[in-house]
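Novice: You'll find data-v1.txt just under this line, and it carries compact mmCIF, C-alpha atoms and all ligand atoms.
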# COMPACT_ATOMS: atom_id res chain seq x y z
CA MET A 1 -87.05 125.73 -13.45
CA THR A 2 -88.70 127.10 -10.33
CA THR A 3 -88.21 130.63 -9.00
CA SER A 4 -85.43 129.31 -6.75
CA GLY A 5 -83.62 128.13 -9.89
CA LYS A 6 -84.13 124.44 -9.07
CA THR A 7 -85.70 121.96 -11.43
CA VAL A 8 -88.46 119.75 -10.10
CA SER A 9 -89.85 116.48 -11.42
CA PHE A 10 -93.60 116.09 -11.91
CA LYS A 11 -93.34 112.95 -9.77
CA GLU A 12 -92.42 114.98 -6.69
CA LEU A 13 -95.53 117.08 -7.27
CA GLY A 14 -97.94 114.17 -7.66
CA PHE A 15 -98.77 114.50 -11.36
CA SER A 16 -98.95 111.53 -13.75
CA ASN A 17 -97.61 111.46 -17.29
CA THR A 18 -100.00 110.36 -20.03
CA ARG A 19 -98.47 106.96 -20.87
CA ASP A 20 -100.58 104.83 -18.56
CA MET A 21 -103.66 107.04 -19.07
CA PHE A 22 -103.52 106.50 -22.85
CA ALA A 23 -102.77 102.76 -22.61
CA LYS A 24 -105.94 102.34 -20.51
CA ALA A 25 -107.99 104.63 -22.74
CA MET A 26 -106.91 102.74 -25.86
CA LYS A 27 -107.89 99.42 -24.31
CA GLY A 28 -111.10 100.73 -22.78
CA GLY A 29 -112.42 102.56 -25.85
CA TYR A 30 -112.64 106.02 -24.29
CA ALA A 31 -110.69 109.30 -24.41
CA VAL A 32 -109.08 111.22 -21.55
CA PRO A 33 -110.39 114.80 -21.28
CA ALA A 34 -107.86 117.60 -21.72
CA TYR A 35 -109.40 120.76 -20.30
CA ASN A 36 -107.65 124.15 -20.42
CA PHE A 37 -107.52 126.46 -17.43
CA ASN A 38 -106.45 130.07 -16.94
CA ASN A 39 -107.95 130.86 -13.55
CA MET A 40 -108.91 129.38 -10.21
CA GLU A 41 -112.60 128.81 -10.93
CA GLN A 42 -111.89 126.83 -14.11
CA LEU A 43 -109.32 124.71 -12.29
CA GLN A 44 -111.64 124.04 -9.34
CA ALA A 45 -114.44 123.07 -11.70
CA ILE A 46 -112.25 120.68 -13.72
CA ILE A 47 -110.91 118.92 -10.63
CA THR A 48 -114.30 118.77 -8.89
CA ALA A 49 -115.99 117.37 -12.01
CA CYS A 50 -113.30 114.76 -12.62
CA VAL A 51 -113.20 113.61 -8.99
CA ARG A 52 -117.01 113.38 -8.88
CA SER A 53 -117.21 111.46 -12.15
CA ARG A 54 -114.07 109.41 -11.36
CA SER A 55 -112.27 110.42 -14.55
CA PRO A 56 -108.54 110.81 -15.20
CA VAL A 57 -107.80 114.31 -16.47
CA ILE A 58 -105.20 116.33 -18.34
CA LEU A 59 -104.92 119.91 -17.11
CA GLN A 60 -103.87 122.01 -20.07
CA VAL A 61 -101.85 125.20 -19.84
CA SER A 62 -101.29 127.22 -23.02
CA LYS A 63 -98.58 129.77 -23.65
CA GLY A 64 -101.32 132.40 -23.44
CA ALA A 65 -102.44 131.04 -20.07
CA ARG A 66 -98.89 131.30 -18.76
CA GLU A 67 -98.71 134.90 -19.89
CA TYR A 68 -102.16 135.75 -18.50
CA ALA A 69 -101.91 134.14 -15.09
CA ASN A 70 -98.12 133.95 -14.59
CA ALA A 71 -96.24 130.70 -15.17
CA THR A 72 -95.22 130.24 -11.53
CA LEU A 73 -98.69 130.91 -10.21
CA LEU A 74 -100.28 128.48 -12.69
CA ARG A 75 -97.88 125.73 -11.75
CA TYR A 76 -98.58 126.22 -8.04
CA MET A 77 -102.30 126.26 -8.81
CA GLY A 78 -101.90 122.85 -10.46
CA LEU A 79 -99.96 121.65 -7.43
CA GLY A 80 -102.61 123.11 -5.10
CA ALA A 81 -105.30 121.25 -7.02
CA ILE A 82 -103.47 117.96 -6.45
CA GLN A 83 -103.11 118.66 -2.73
CA MET A 84 -106.74 119.73 -2.40
CA MET A 85 -107.81 116.54 -4.17
CA ASN A 86 -105.65 114.38 -1.90
CA GLU A 87 -107.04 116.05 1.22
CA LEU A 88 -110.61 115.51 0.05
CA GLY A 89 -109.76 111.83 -0.50
CA ASN A 90 -110.36 109.60 -3.52
CA PRO A 91 -107.92 111.35 -5.94
CA VAL A 92 -107.86 110.72 -9.70
CA PRO A 93 -104.79 110.69 -12.02
CA VAL A 94 -103.94 114.22 -13.16
CA ALA A 95 -101.43 115.24 -15.85
CA LEU A 96 -100.13 118.80 -16.11
CA HIS A 97 -99.69 119.43 -19.82
CA LEU A 98 -98.31 122.24 -21.98
CA ASP A 99 -100.80 122.95 -24.77
CA HIS A 100 -99.40 124.09 -28.15
CA GLY A 101 -95.81 124.60 -27.04
CA ASP A 102 -94.14 126.52 -29.86
CA SER A 103 -90.44 126.32 -28.93
CA PHE A 104 -87.93 123.98 -27.34
CA GLU A 105 -87.25 126.57 -24.62
CA LEU A 106 -90.92 126.76 -23.61
CA ALA A 107 -91.22 122.96 -23.44
CA GLN A 108 -87.98 122.77 -21.45
CA SER A 109 -89.14 125.41 -19.00
CA CYS A 110 -92.40 123.51 -18.40
CA ILE A 111 -90.61 120.17 -17.98
CA ASP A 112 -88.14 121.73 -15.53
CA SER A 113 -90.92 123.23 -13.46
CA GLY A 114 -92.90 120.00 -13.02
CA PHE A 115 -95.12 119.47 -16.08
CA SER A 116 -95.69 115.77 -16.73
CA SER A 117 -96.52 116.14 -20.41
CA VAL A 118 -95.84 118.66 -23.16
CA MET A 119 -97.10 119.31 -26.65
CA ILE A 120 -94.64 120.62 -29.17
CA ASP A 121 -96.65 122.04 -32.03
CA GLY A 122 -94.46 122.18 -35.13
CA SER A 123 -97.45 121.63 -37.41
CA ALA A 124 -97.04 124.95 -39.18
CA LEU A 125 -93.37 124.23 -39.96
CA PRO A 126 -92.08 122.40 -43.02
CA TYR A 127 -92.17 118.62 -42.37
CA GLU A 128 -88.44 118.12 -41.70
CA GLU A 129 -88.32 121.12 -39.36
CA ASN A 130 -91.34 119.79 -37.47
CA ILE A 131 -89.51 116.47 -37.06
CA ALA A 132 -86.28 118.14 -35.87
CA LEU A 133 -88.02 120.36 -33.30
CA THR A 134 -90.26 117.56 -32.03
CA LYS A 135 -87.35 115.14 -31.69
CA LYS A 136 -85.33 117.73 -29.76
CA VAL A 137 -88.17 118.05 -27.24
CA VAL A 138 -88.59 114.25 -27.01
CA ASP A 139 -84.85 113.85 -26.36
CA TYR A 140 -85.11 116.28 -23.45
CA ALA A 141 -88.43 114.97 -22.11
CA HIS A 142 -88.00 111.20 -22.16
CA PRO A 143 -84.99 110.90 -19.81
CA ARG A 144 -87.23 112.79 -17.35
CA ASP A 145 -90.17 110.45 -18.08
CA VAL A 146 -92.24 113.35 -19.44
CA THR A 147 -94.53 112.38 -22.34
CA VAL A 148 -94.65 114.36 -25.59
CA GLU A 149 -97.46 115.12 -28.04
CA GLY A 150 -96.60 116.14 -31.60
CA GLU A 151 -98.84 117.38 -34.39
CA LEU A 152 -99.19 116.70 -38.10
CA GLY A 153 -101.68 118.62 -40.20
CA VAL A 154 -103.03 122.10 -39.51
CA LEU A 155 -106.28 122.99 -37.76
CA ALA A 156 -108.14 126.10 -38.83
CA GLY A 157 -109.33 128.59 -36.23
CA ILE A 158 -108.10 131.41 -34.12
CA GLU A 159 -107.01 131.42 -30.51
CA GLU A 160 -104.67 133.86 -28.85
CA HIS A 161 -101.55 131.94 -29.83
CA VAL A 162 -102.92 129.38 -32.23
CA SER A 163 -104.18 130.62 -35.54
CA SER A 164 -104.56 129.48 -39.09
CA GLU A 165 -107.12 130.52 -41.65
CA LYS A 166 -107.22 127.25 -43.51
CA SER A 167 -107.00 123.70 -42.31
CA HIS A 168 -104.83 121.07 -43.94
CA TYR A 169 -105.91 117.54 -43.16
CA THR A 170 -103.21 115.21 -41.90
CA ASP A 171 -101.72 113.11 -44.67
CA PRO A 172 -101.84 109.55 -43.31
CA ARG A 173 -98.82 108.64 -45.43
CA ASP A 174 -96.63 110.77 -43.11
CA VAL A 175 -97.65 109.45 -39.72
CA GLU A 176 -95.52 106.33 -39.48
CA ASP A 177 -92.34 108.14 -40.47
CA PHE A 178 -93.13 111.06 -38.12
CA VAL A 179 -93.81 108.86 -35.11
CA LYS A 180 -90.77 106.68 -35.74
CA ARG A 181 -88.31 109.53 -36.29
CA THR A 182 -89.50 111.79 -33.46
CA GLY A 183 -90.30 109.20 -30.77
CA VAL A 184 -93.45 111.07 -29.71
CA ASP A 185 -95.90 109.41 -27.32
CA SER A 186 -99.07 110.72 -28.99
CA LEU A 187 -100.00 112.48 -32.20
CA ALA A 188 -102.51 115.27 -32.81
CA ILE A 189 -104.10 115.03 -36.24
CA SER A 190 -106.32 117.25 -38.34
CA ILE A 191 -109.56 115.60 -39.49
CA GLY A 192 -111.89 118.59 -39.67
CA THR A 193 -112.03 119.98 -36.14
CA SER A 194 -110.86 123.54 -35.54
CA HIS A 195 -110.15 125.87 -32.65
CA GLY A 196 -112.61 128.40 -31.26
CA ALA A 197 -116.38 128.88 -31.26
CA PHE A 198 -116.97 129.36 -35.00
CA LYS A 199 -115.79 126.08 -36.45
CA PHE A 200 -117.89 125.78 -39.57
CA LYS A 201 -119.70 128.17 -41.86
CA VAL A 202 -123.21 126.71 -42.06
CA LYS A 203 -126.55 128.28 -42.88
CA PRO A 204 -129.38 127.91 -40.31
CA GLY A 205 -130.85 124.40 -40.51
CA GLU A 206 -127.83 123.01 -42.35
CA SER A 207 -125.77 120.34 -40.61
CA VAL A 208 -122.03 120.69 -40.12
CA PRO A 209 -119.66 118.70 -42.33
CA PRO A 210 -118.77 115.36 -40.70
CA LEU A 211 -115.27 114.73 -39.40
CA ARG A 212 -112.98 112.83 -41.78
CA PHE A 213 -113.21 109.42 -40.13
CA ASP A 214 -111.68 107.95 -43.28
CA ILE A 215 -108.41 109.78 -42.48
CA LEU A 216 -108.55 108.67 -38.85
CA GLU A 217 -109.07 105.04 -39.92
CA GLU A 218 -106.16 105.19 -42.33
CA VAL A 219 -103.95 106.66 -39.57
CA GLU A 220 -105.03 103.85 -37.24
CA ARG A 221 -104.20 101.29 -39.91
CA ARG A 222 -100.70 102.72 -40.38
CA ILE A 223 -99.83 103.12 -36.68
CA PRO A 224 -102.00 100.56 -34.88
CA GLY A 225 -102.50 101.13 -31.17
CA PHE A 226 -100.81 104.55 -31.24
CA PRO A 227 -102.58 107.28 -29.16
CA ILE A 228 -104.22 109.95 -31.30
CA VAL A 229 -105.23 113.42 -30.07
CA LEU A 230 -108.10 115.60 -31.25
CA HIS A 231 -107.74 119.36 -30.83
CA GLY A 232 -110.52 121.85 -31.46
CA ALA A 233 -113.12 119.48 -30.06
CA SER A 234 -115.56 121.84 -28.36
CA SER A 235 -119.18 121.27 -29.34
CA VAL A 236 -120.21 124.93 -28.82
CA LEU A 237 -123.33 123.85 -26.97
CA THR A 238 -126.49 125.58 -28.19
CA PRO A 239 -128.05 126.35 -24.76
CA TYR A 240 -125.02 128.44 -23.79
CA ILE A 241 -124.88 130.27 -27.13
CA GLU A 242 -128.60 131.04 -26.75
CA MET A 243 -128.01 132.27 -23.20
CA ILE A 244 -125.14 134.49 -24.33
CA ASN A 245 -127.25 135.98 -27.13
CA LYS A 246 -130.28 136.40 -24.84
CA TYR A 247 -128.32 138.33 -22.24
CA GLY A 248 -126.63 140.87 -24.48
CA GLY A 249 -123.94 138.87 -26.28
CA ARG A 250 -123.54 138.49 -30.01
CA MET A 251 -122.44 135.05 -31.05
CA GLU A 252 -124.71 134.27 -33.99
CA GLY A 253 -123.22 131.60 -36.20
CA ALA A 254 -121.19 129.96 -33.42
CA VAL A 255 -121.03 126.22 -34.09
CA GLY A 256 -118.93 123.27 -32.94
CA VAL A 257 -118.29 119.57 -33.44
CA PRO A 258 -121.43 117.51 -32.71
CA GLU A 259 -121.06 115.41 -29.57
CA GLU A 260 -122.06 112.17 -31.39
CA GLN A 261 -119.04 112.54 -33.63
CA LEU A 262 -116.73 112.98 -30.66
CA ARG A 263 -118.29 109.95 -29.00
CA ARG A 264 -117.47 107.92 -32.10
CA ALA A 265 -113.89 109.28 -32.13
CA ALA A 266 -113.42 108.48 -28.43
CA LYS A 267 -114.11 104.80 -29.12
CA SER A 268 -111.27 104.69 -31.66
CA ALA A 269 -107.53 105.30 -31.22
CA VAL A 270 -108.34 108.87 -30.12
CA CYS A 271 -107.14 108.84 -26.50
CA LYS A 272 -107.15 112.59 -25.73
CA ILE A 273 -109.81 115.15 -26.60
CA ASN A 274 -109.05 118.86 -26.11
CA ILE A 275 -111.82 121.15 -24.91
CA ASP A 276 -111.33 124.81 -24.07
CA SER A 277 -113.96 126.92 -25.84
CA ASP A 278 -116.92 125.07 -24.27
CA GLY A 279 -115.65 126.08 -20.83
CA ARG A 280 -115.21 129.70 -21.92
CA LEU A 281 -118.76 129.76 -23.28
CA VAL A 282 -120.30 128.36 -20.09
CA MET A 283 -118.56 130.99 -17.96
CA THR A 284 -119.56 133.79 -20.30
CA ALA A 285 -123.20 132.65 -20.49
CA ILE A 286 -123.67 132.41 -16.72
CA ILE A 287 -121.85 135.66 -15.95
CA ARG A 288 -123.97 137.50 -18.54
CA LYS A 289 -127.14 136.01 -17.01
CA VAL A 290 -126.20 137.10 -13.49
CA PHE A 291 -125.31 140.59 -14.67
CA ALA A 292 -128.57 140.91 -16.59
CA GLU A 293 -130.75 139.60 -13.77
CA LYS A 294 -128.91 141.29 -10.90
CA PRO A 295 -127.51 144.56 -12.25
CA GLY A 296 -126.49 145.66 -8.75
CA GLU A 297 -124.28 142.62 -8.15
CA PHE A 298 -120.62 143.50 -7.73
CA ASP A 299 -119.16 140.67 -5.65
CA PRO A 300 -117.14 138.48 -8.08
CA ARG A 301 -118.00 135.40 -6.01
CA LYS A 302 -121.65 135.93 -6.86
CA TYR A 303 -121.06 135.60 -10.59
CA LEU A 304 -117.91 133.47 -10.74
CA GLY A 305 -119.44 131.03 -8.23
CA PRO A 306 -122.52 130.19 -10.36
CA ALA A 307 -120.29 130.03 -13.45
CA ARG A 308 -118.08 127.49 -11.66
CA GLU A 309 -121.11 125.40 -10.66
CA GLU A 310 -122.34 125.25 -14.24
CA LEU A 311 -118.84 124.38 -15.45
CA VAL A 312 -118.77 121.38 -13.10
CA LYS A 313 -122.04 120.12 -14.62
CA MET A 314 -120.79 120.59 -18.17
CA TYR A 315 -117.49 118.75 -17.54
CA ILE A 316 -119.26 115.86 -15.80
CA SER A 317 -121.61 115.55 -18.75
CA LYS A 318 -118.64 115.51 -21.18
CA ASN A 319 -116.92 112.77 -19.18
CA GLU A 320 -120.07 110.70 -18.89
CA THR A 321 -121.68 111.05 -22.28
CA VAL A 322 -119.01 112.21 -24.75
CA LEU A 323 -115.54 110.99 -23.76
CA GLY A 324 -116.61 107.92 -21.85
CA SER A 325 -113.90 108.59 -19.23
CA ALA A 326 -116.26 108.66 -16.24
CA GLY A 327 -115.63 105.77 -13.87
CA LYS A 328 -112.23 105.00 -15.45
CA ALA A 329 -109.96 106.66 -12.84
O1 LIG A 401 -105.96 125.48 -28.65
C1 LIG A 401 -105.79 126.52 -28.02
C2 LIG A 401 -106.36 126.64 -26.67
O2 LIG A 401 -107.75 126.81 -26.72
C3 LIG A 401 -105.66 127.71 -25.90
O3 LIG A 401 -106.03 128.98 -26.30
O4 LIG A 401 -103.91 130.24 -26.62
O5 LIG A 401 -106.09 131.42 -26.20
O6 LIG A 401 -104.97 130.13 -24.35
P1 LIG A 401 -105.19 130.27 -25.84
P1 LIG A 402 -111.60 124.21 -28.70
O1 LIG A 402 -111.37 125.63 -29.11
O2 LIG A 402 -112.49 123.51 -29.68
O3 LIG A 402 -112.10 124.09 -27.31
O4 LIG A 402 -110.19 123.46 -28.77
C1 LIG A 402 -109.30 123.51 -27.69
C2 LIG A 402 -107.95 122.98 -28.01
O5 LIG A 402 -107.71 122.36 -29.02
C3 LIG A 402 -106.89 123.21 -27.02
O6 LIG A 402 -105.65 122.79 -27.48
ZN ZN A 403 -105.49 122.93 -29.66
Output the structure of this file as structure tokens.
Specialist:
Amino acid sequence: MTTSGKTVSFKELGFSNTRDMFAKAMKGGYAVPAYNFNNMEQLQAIITACVRSRSPVILQVSKGAREYANATLLRYMGLGAIQMMNELGNPVPVALHLDHGDSFELAQSCIDSGFSSVMIDGSALPYEENIALTKKVVDYAHPRDVTVEGELGVLAGIEEHVSSEKSHYTDPRDVEDFVKRTGVDSLAISIGTSHGAFKFKVKPGESVPPLRFDILEEVERRIPGFPIVLHGASSVLTPYIEMINKYGGRMEGAVGVPEEQLRRAAKSAVCKINIDSDGRLVMTAIIRKVFAEKPGEFDPRKYLGPAREELVKMYISKNETVLGSAGKA
């Protein structure tokens, strides 16, 4: 629902749902990037990077992002990004996606205001309740051609609205039943990734535990050709952690999912890879550096601008070397 009380379809706004994106990604052996945004600089960087590297992209909006930036403003920012891209020429497919929707009403509000894709995250609910909630969202979304992501299994990690101390891997025995009974278009699974910048407890020099590719393979065997989603897939890149620590931050022990493992996942049925923390870390690192080197700087454009430039580089590198989505738009 827009502020005027009218509902609007994503098609009128120029967004794409994820159906075609995932079909191509499955066939092509790559994953579509799903990058979160909360502000203008992040959004500009995502769009610029994906246009330059010719990658389809899923713009993710969390419940926390809607509260931080205002739901109406965020939606118009997404729309503005589409128009900017069209004016520049050579547009790429863009989905506007609700990340970790936690209620039917939230999903409905996003669908009515022009989102092309929604996640309903019932993963913390008992199995039957997860199915009932997810199916209710699918029944509302599909007549409007909006695609729906569900989740089975629980990721550890803490974000503003997403938190769990312990992870529970997805039980592959549930996936067929879940997909069949809910009608979802894609499924997020838990194979060892987690949200945030402190994904594993490892001592210096120790390597992080590998993702559970055995679970992923069993899921693929049970629902062949079905699009799988990986949440919590930031790699927590060392140069940015070092920069943060060098310029006054304290992020010792921050560690993410190695990029080689994500590359391997992207070649499988994993069609969507969610990355938020890596973008947050890049912004923080660059802003800290500018503040440390130019203590008299007080024009936000002088620190948000360089942060945006570095973000563009990081997203292009993800598309080219991790997800394999570059050149696929
Ligand atoms: O998976 C969660 C996303 O990183 C969004 O985080 O709820 O703090 O906006 P947020
Ligand atoms: P990260 O915290 O690893 O970036 O995960 C983001 C995510 O899963 C968004 O839904
Ligand atoms: Zn997530």
Novice: Have a look at CA of Arg301 in chain A and CA of Phe37 in chain A and let me know their distance in Å, one decimal.
Specialist: 17.9 Å
Novice: Using all atoms listed in the file, determine which residues lie at most 12 Å from Ala197 in chain A, disregarding the query and same-chain residues fewer than 2 positions distant; provide the list as a ChimeraX atom specification.
Specialist: /A:156-159,193-195,199-201,232-238,240-241,251-257,275-282
Novice: Find the distance between CA of Cys271 in chain A and CA of Asp121 in chain A and write it in Å to one decimal.
Specialist: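 Interatomic distance here is 17.7 Å.
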Novice: Leaving out range 307-321 of chain A and any residue of its chain fewer than 5 positions from it, which residues lie within 6 Å of it when counting only C-alpha atoms, given as a PyMOL selection string?
Specialist: chain A and resi 41+45+49+283+286+326
Novice: Mind listing the residues within 8 Å of ligand LIG 401 (chain A), all atoms listed in the file counted, as a CSV table (one decimal) with C-alpha atoms, keeping the file's coordinate frame?
Specialist:
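And here's part_38.csv as it stands now:
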chain,number,residue,atom,x,y,z
A,36,ASN,CA,-107.6,124.2,-20.4
A,38,ASN,CA,-106.4,130.1,-16.9
A,61,VAL,CA,-101.8,125.2,-19.8
A,62,SER,CA,-101.3,127.2,-23.0
A,63,LYS,CA,-98.6,129.8,-23.6
A,64,GLY,CA,-101.3,132.4,-23.4
A,65,ALA,CA,-102.4,131.0,-20.1
A,99,ASP,CA,-100.8,123.0,-24.8
A,100,HIS,CA,-99.4,124.1,-28.2
A,159,GLU,CA,-107.0,131.4,-30.5
A,160,GLU,CA,-104.7,133.9,-28.8
A,161,HIS,CA,-101.6,131.9,-29.8
A,162,VAL,CA,-102.9,129.4,-32.2
A,195,HIS,CA,-110.2,125.9,-32.6
A,196,GLY,CA,-112.6,128.4,-31.3
A,231,HIS,CA,-107.7,119.4,-30.8
A,232,GLY,CA,-110.5,121.8,-31.5
A,274,ASN,CA,-109.0,118.9,-26.1
A,275,ILE,CA,-111.8,121.2,-24.9
A,276,ASP,CA,-111.3,124.8,-24.1
A,277,SER,CA,-114.0,126.9,-25.8
Novice: Could you check which of A:His97, A:Arg75, A:Arg222, A:Lys136 is closest to ligand LIG 402 (chain A), using all atoms listed in the file?
Specialist: A:His97
Novice: Between A:Lys272, A:Lys24, A:Arg173, A:Arg144, which one has atoms that come closest to ligand ZN 403 (chain A), using all atoms listed in the file?
Specialist: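 When distances to ligand ZN 403 (chain A) are compared using all atoms listed in the file, the smallest one comes from A:Lys272.
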Novice: Could you tell me how far CA of Leu125 in chain A sits from CA of Pro172 in chain A, in Å to one decimal place?
Specialist: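 Interatomic distance here is 17.3 Å.
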Novice: Calculated over all atoms listed in the file, which of the candidates A:Met77, A:Ala266, A:Val154, A:Ala95 has the smallest distance to ligand ZN 403 (chain A)?
Specialist: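 So, comparing all the options, the nearest one is A:Val154.
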Novice: Quick one: residues within 12 Å of Asn17 in chain A, all atoms listed in the file counted, chain neighbours fewer than 3 positions away excluded, as a PyMOL selection string?
Specialist: chain A and resi 9-11+13-14+20-23+56-59+93-98+111+114-118+141-142+144-149+185-186
Novice: Kindly indicate which residue among A:Glu151, A:Asp174, A:Glu242, A:Glu128 lies nearest to ligand LIG 402 (chain A), using all atoms listed in the file for the distances.
Specialist: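 Among A:Glu151, A:Asp174, A:Glu242, A:Glu128, it is A:Glu151 that comes nearest to ligand LIG 402 (chain A).
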Novice: Quick one: everything within 10 Å of Arg264 in chain A, counting all atoms listed in the file, minus sequence neighbours fewer than 2 positions away in the same chain. Send it as number ranges by chain.
Specialist: A: 29-30, 213, 259-262, 266-268, 270, 322-323
Novice: Which residue is closest to Ser207 in chain A? Choose from A:Pro258, A:Leu73, A:Lys27, A:Phe298 and count all atoms listed in the file.
Specialist: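 That would be A:Pro258, the residue with the smallest distance to Ser207 in chain A.
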